[in-house]
Amino acid sequence: MGDLQSFAVALRRTQGELNRLVHGFAQAQGLHPTDVQALAVVLDSPEPLTPGRLREHLGLTSGAVTACLDRLEKAGHIRRTRESADRRVVHIRYEDGARAAARRYFMPLAEAADRAREQFGPAELSAALRFLNTLNDELGALRVPRR
């Protein structure tokens, strides 16, 4: 069983590898890495995302989120829509064409994850997934200081 330092090193290495891929996608799309981080939040959100919730999640200022959304909209990755019941509420939606471009770019990541996954049994995968979900819940509960 690994100690805390071994987990920390492995997680930093994973984060570094993912960051390398994200930076490559950002560069290929003419975006900032923070823009790609915002796209991931939009993609993974279980409910329609608002700029305010995105700001809270990313720990950015309102102005920085607006600039990020402007770049993403101009590049065709997202669209902002008004809520029909309350026109002041803006929802951020991932554009289908952009989703396809991201899938194409990140397909090698999915394939690498699948190759790694194939090396483990169901019980090991269940434990690993449970660990990652629990860690993400713990990290999600940490508040990032506002910029």
# chains A, B, ... in the order shown; residues from 1 in each chain; ligands from 1

call {"tool": "select_by_dssp", "arguments": {"residues": "chain A", "states": "alpha helix (DSSP H)", "output": "PyMOL selection string"}}
result
chain A and resi 4-29+33-44+51-58+62-74+96-117+122-141

call {"tool": "residues_around", "arguments": {"residues": "Glu95 (chain A)", "least_positions_apart": "3", "cutoff": "7 Å", "atoms": "only C-alpha atoms", "output": "ChimeraX atom specification"}}
result
/A:76-79,98-99

call {"tool": "write_last_selection", "arguments": {"atoms": "C-alpha atoms", "output": "short mmCIF file (atom, residue, chain, number, x, y, z; two decimals), in the first residue's frame"}}
result
data_model
loop_
_atom_site.label_atom_id
_atom_site.label_comp_id
_atom_site.auth_asym_id
_atom_site.auth_seq_id
_atom_site.Cartn_x
_atom_site.Cartn_y
_atom_site.Cartn_z
CA GLY A 76 -16.89 28.56 -31.49
CA HIS A 77 -16.49 26.38 -28.40
CA ILE A 78 -19.43 27.67 -26.36
CA ARG A 79 -22.54 29.77 -26.70
CA ALA A 98 -16.36 21.97 -30.51
CA ARG A 99 -17.13 18.81 -28.56
#

call {"tool": "closest_atom_pairs", "arguments": {"of": "region 63-97 of chain A", "to": "region 23-32 of chain A", "cutoff": "12 Å", "atoms": "only C-alpha atoms", "output": "tab-separated table"}}
result
residue	atom	partner	partner_atom	distance
A:Ala64	CA	A:His32	CA	11.7
A:Ala67	CA	A:His32	CA	10.8
A:Cys68	CA	A:His32	CA	8.3
A:Leu69	CA	A:Leu31	CA	10.9
A:Asp70	CA	A:Leu31	CA	11.0
A:Arg71	CA	A:Leu31	CA	7.3
A:Leu72	CA	A:Leu31	CA	7.7
A:Glu73	CA	A:Leu31	CA	11.1
A:Lys74	CA	A:Leu31	CA	10.4
A:Ala75	CA	A:Gln29	CA	7.8
A:Gly76	CA	A:Gln29	CA	10.1
A:His77	CA	A:Gln29	CA	9.6

call {"tool": "write_last_selection", "arguments": {"atoms": "C-alpha atoms", "output": "PDB file, in the first residue's frame"}}
result
ATOM      1  CA  ALA A  64     -11.465  37.239 -16.193  1.00  0.00           C
ATOM      2  CA  ALA A  67     -12.846  37.515 -21.118  1.00  0.00           C
ATOM      3  CA  CYS A  68     -12.509  33.717 -21.066  1.00  0.00           C
ATOM      4  CA  LEU A  69     -16.108  33.227 -22.232  1.00  0.00           C
ATOM      5  CA  ASP A  70     -15.644  35.872 -24.938  1.00  0.00           C
ATOM      6  CA  ARG A  71     -12.611  33.956 -26.290  1.00  0.00           C
ATOM      7  CA  LEU A  72     -14.421  30.618 -26.117  1.00  0.00           C
ATOM      8  CA  GLU A  73     -17.510  31.992 -27.842  1.00  0.00           C
ATOM      9  CA  LYS A  74     -15.464  33.711 -30.554  1.00  0.00           C
ATOM     10  CA  ALA A  75     -13.579  30.449 -31.187  1.00  0.00           C
ATOM     11  CA  GLY A  76     -16.890  28.559 -31.492  1.00  0.00           C
ATOM     12  CA  HIS A  77     -16.494  26.380 -28.395  1.00  0.00           C
TER      13      HIS A  77
END

call {"tool": "atom_distance", "arguments": {"atom1": "CA of Arg87 (chain A)", "atom2": "CA of Asp35 (chain A)"}}
result
25.2 Å

call {"tool": "closest_atom_pairs", "arguments": {"of": "region 64-114 of chain A", "to": "region 44-52 of chain A", "cutoff": "7 Å", "atoms": "only C-alpha atoms", "output": "JSON lines"}}
result
{"residue": "A:Val65", "atom": "CA", "partner": "A:Pro51", "partner_atom": "CA", "distance": 6.9}
{"residue": "A:Val90", "atom": "CA", "partner": "A:Thr50", "partner_atom": "CA", "distance": 5.8}
{"residue": "A:His91", "atom": "CA", "partner": "A:Thr50", "partner_atom": "CA", "distance": 4.8}
{"residue": "A:Ile92", "atom": "CA", "partner": "A:Leu49", "partner_atom": "CA", "distance": 5.5}

call {"tool": "write_last_selection", "arguments": {"atoms": "C-alpha atoms", "output": "mmCIF file, in the first residue's frame"}}
result
data_model
loop_
_atom_site.group_PDB
_atom_site.id
_atom_site.type_symbol
_atom_site.label_atom_id
_atom_site.label_comp_id
_atom_site.auth_asym_id
_atom_site.auth_seq_id
_atom_site.Cartn_x
_atom_site.Cartn_y
_atom_site.Cartn_z
ATOM 1 C CA VAL A 65 -14.407 34.868 -16.653
ATOM 2 C CA VAL A 90 -27.156 33.356 -18.754
ATOM 3 C CA HIS A 91 -26.338 29.692 -19.344
ATOM 4 C CA ILE A 92 -23.144 28.476 -20.956
#

call {"tool": "residues_around", "arguments": {"residues": "Leu54 (chain A)", "least_positions_apart": "5", "cutoff": "9 Å", "atoms": "only C-alpha atoms", "output": "PyMOL selection string"}}
result
chain A and resi 38+41-42+49+59-60+65

call {"tool": "select_by_dssp", "arguments": {"residues": "region 7-146 of chain A", "states": "strand (DSSP E)", "output": "count of residues only"}}
result
10

call {"tool": "atom_distance", "arguments": {"atom1": "CA of Arg12 (chain A)", "atom2": "CA of Val36 (chain A)"}}
result
19.0 Å

call {"tool": "atom_distance", "arguments": {"atom1": "CA of Arg93 (chain A)", "atom2": "CA of Gly140 (chain A)"}}
result
21.9 Å

call {"tool": "closest_residue", "arguments": {"among": "A:Leu109, A:Arg82, A:Thr34, A:Ala127", "to": "Glu17 (chain A)", "atoms": "only C-alpha atoms"}}
result
A:Leu109

call {"tool": "decode", "arguments": {"residues": "region 30-55 of chain A", "atoms": "N, CA and C atoms", "output": "compact mmCIF listing (two decimals), in the first residue's frame"}}
result
# COMPACT_ATOMS: atom_id res chain seq x y z
N GLY A 30 -5.85 28.00 -30.28
CA GLY A 30 -5.65 29.44 -30.09
C GLY A 30 -6.26 29.94 -28.79
N LEU A 31 -6.23 29.11 -27.77
CA LEU A 31 -6.84 29.45 -26.48
C LEU A 31 -5.79 29.50 -25.38
N HIS A 32 -6.20 29.98 -24.23
CA HIS A 32 -5.38 29.98 -23.02
C HIS A 32 -5.70 28.68 -22.27
N PRO A 33 -4.74 28.09 -21.57
CA PRO A 33 -5.05 26.87 -20.79
C PRO A 33 -6.22 27.04 -19.82
N THR A 34 -6.41 28.23 -19.27
CA THR A 34 -7.57 28.47 -18.40
C THR A 34 -8.87 28.32 -19.18
N ASP A 35 -8.85 28.68 -20.47
CA ASP A 35 -10.04 28.51 -21.30
C ASP A 35 -10.41 27.03 -21.41
N VAL A 36 -9.40 26.19 -21.54
CA VAL A 36 -9.65 24.74 -21.65
C VAL A 36 -10.15 24.21 -20.32
N GLN A 37 -9.62 24.73 -19.24
CA GLN A 37 -10.12 24.34 -17.91
C GLN A 37 -11.59 24.73 -17.79
N ALA A 38 -11.95 25.91 -18.26
CA ALA A 38 -13.35 26.34 -18.23
C ALA A 38 -14.21 25.42 -19.09
N LEU A 39 -13.71 25.03 -20.25
CA LEU A 39 -14.46 24.11 -21.12
C LEU A 39 -14.75 22.79 -20.40
N ALA A 40 -13.76 22.29 -19.67
CA ALA A 40 -13.96 21.04 -18.94
C ALA A 40 -15.05 21.19 -17.88
N VAL A 41 -15.08 22.34 -17.21
CA VAL A 41 -16.11 22.58 -16.20
C VAL A 41 -17.49 22.62 -16.88
N VAL A 42 -17.58 23.29 -18.02
CA VAL A 42 -18.85 23.36 -18.75
C VAL A 42 -19.27 21.96 -19.17
N LEU A 43 -18.34 21.19 -19.71
CA LEU A 43 -18.64 19.85 -20.20
C LEU A 43 -19.11 18.93 -19.06
N ASP A 44 -18.47 19.03 -17.91
CA ASP A 44 -18.75 18.11 -16.81
C ASP A 44 -19.88 18.56 -15.88
N SER A 45 -20.39 19.76 -16.08
CA SER A 45 -21.43 20.27 -15.19
C SER A 45 -22.72 19.46 -15.36
N PRO A 46 -23.28 18.96 -14.26
CA PRO A 46 -24.51 18.17 -14.37
C PRO A 46 -25.75 19.00 -14.68
N GLU A 47 -25.65 20.30 -14.54
CA GLU A 47 -26.78 21.19 -14.83
C GLU A 47 -26.26 22.40 -15.60
N PRO A 48 -27.15 23.17 -16.22
CA PRO A 48 -26.67 24.35 -16.97
C PRO A 48 -25.80 25.25 -16.09
N LEU A 49 -24.69 25.66 -16.65
CA LEU A 49 -23.70 26.43 -15.91
C LEU A 49 -23.90 27.92 -16.18
N THR A 50 -23.75 28.73 -15.15
CA THR A 50 -23.81 30.18 -15.29
C THR A 50 -22.39 30.75 -15.17
N PRO A 51 -22.15 31.95 -15.68
CA PRO A 51 -20.84 32.56 -15.51
C PRO A 51 -20.43 32.69 -14.04
N GLY A 52 -21.39 32.98 -13.16
CA GLY A 52 -21.08 33.11 -11.75
C GLY A 52 -20.60 31.81 -11.14
N ARG A 53 -21.25 30.71 -11.49
CA ARG A 53 -20.81 29.41 -10.96
C ARG A 53 -19.45 29.02 -11.54
N LEU A 54 -19.22 29.37 -12.80
CA LEU A 54 -17.91 29.10 -13.40
C LEU A 54 -16.84 29.91 -12.69
N ARG A 55 -17.13 31.16 -12.39
CA ARG A 55 -16.19 32.03 -11.67
C ARG A 55 -15.84 31.42 -10.32
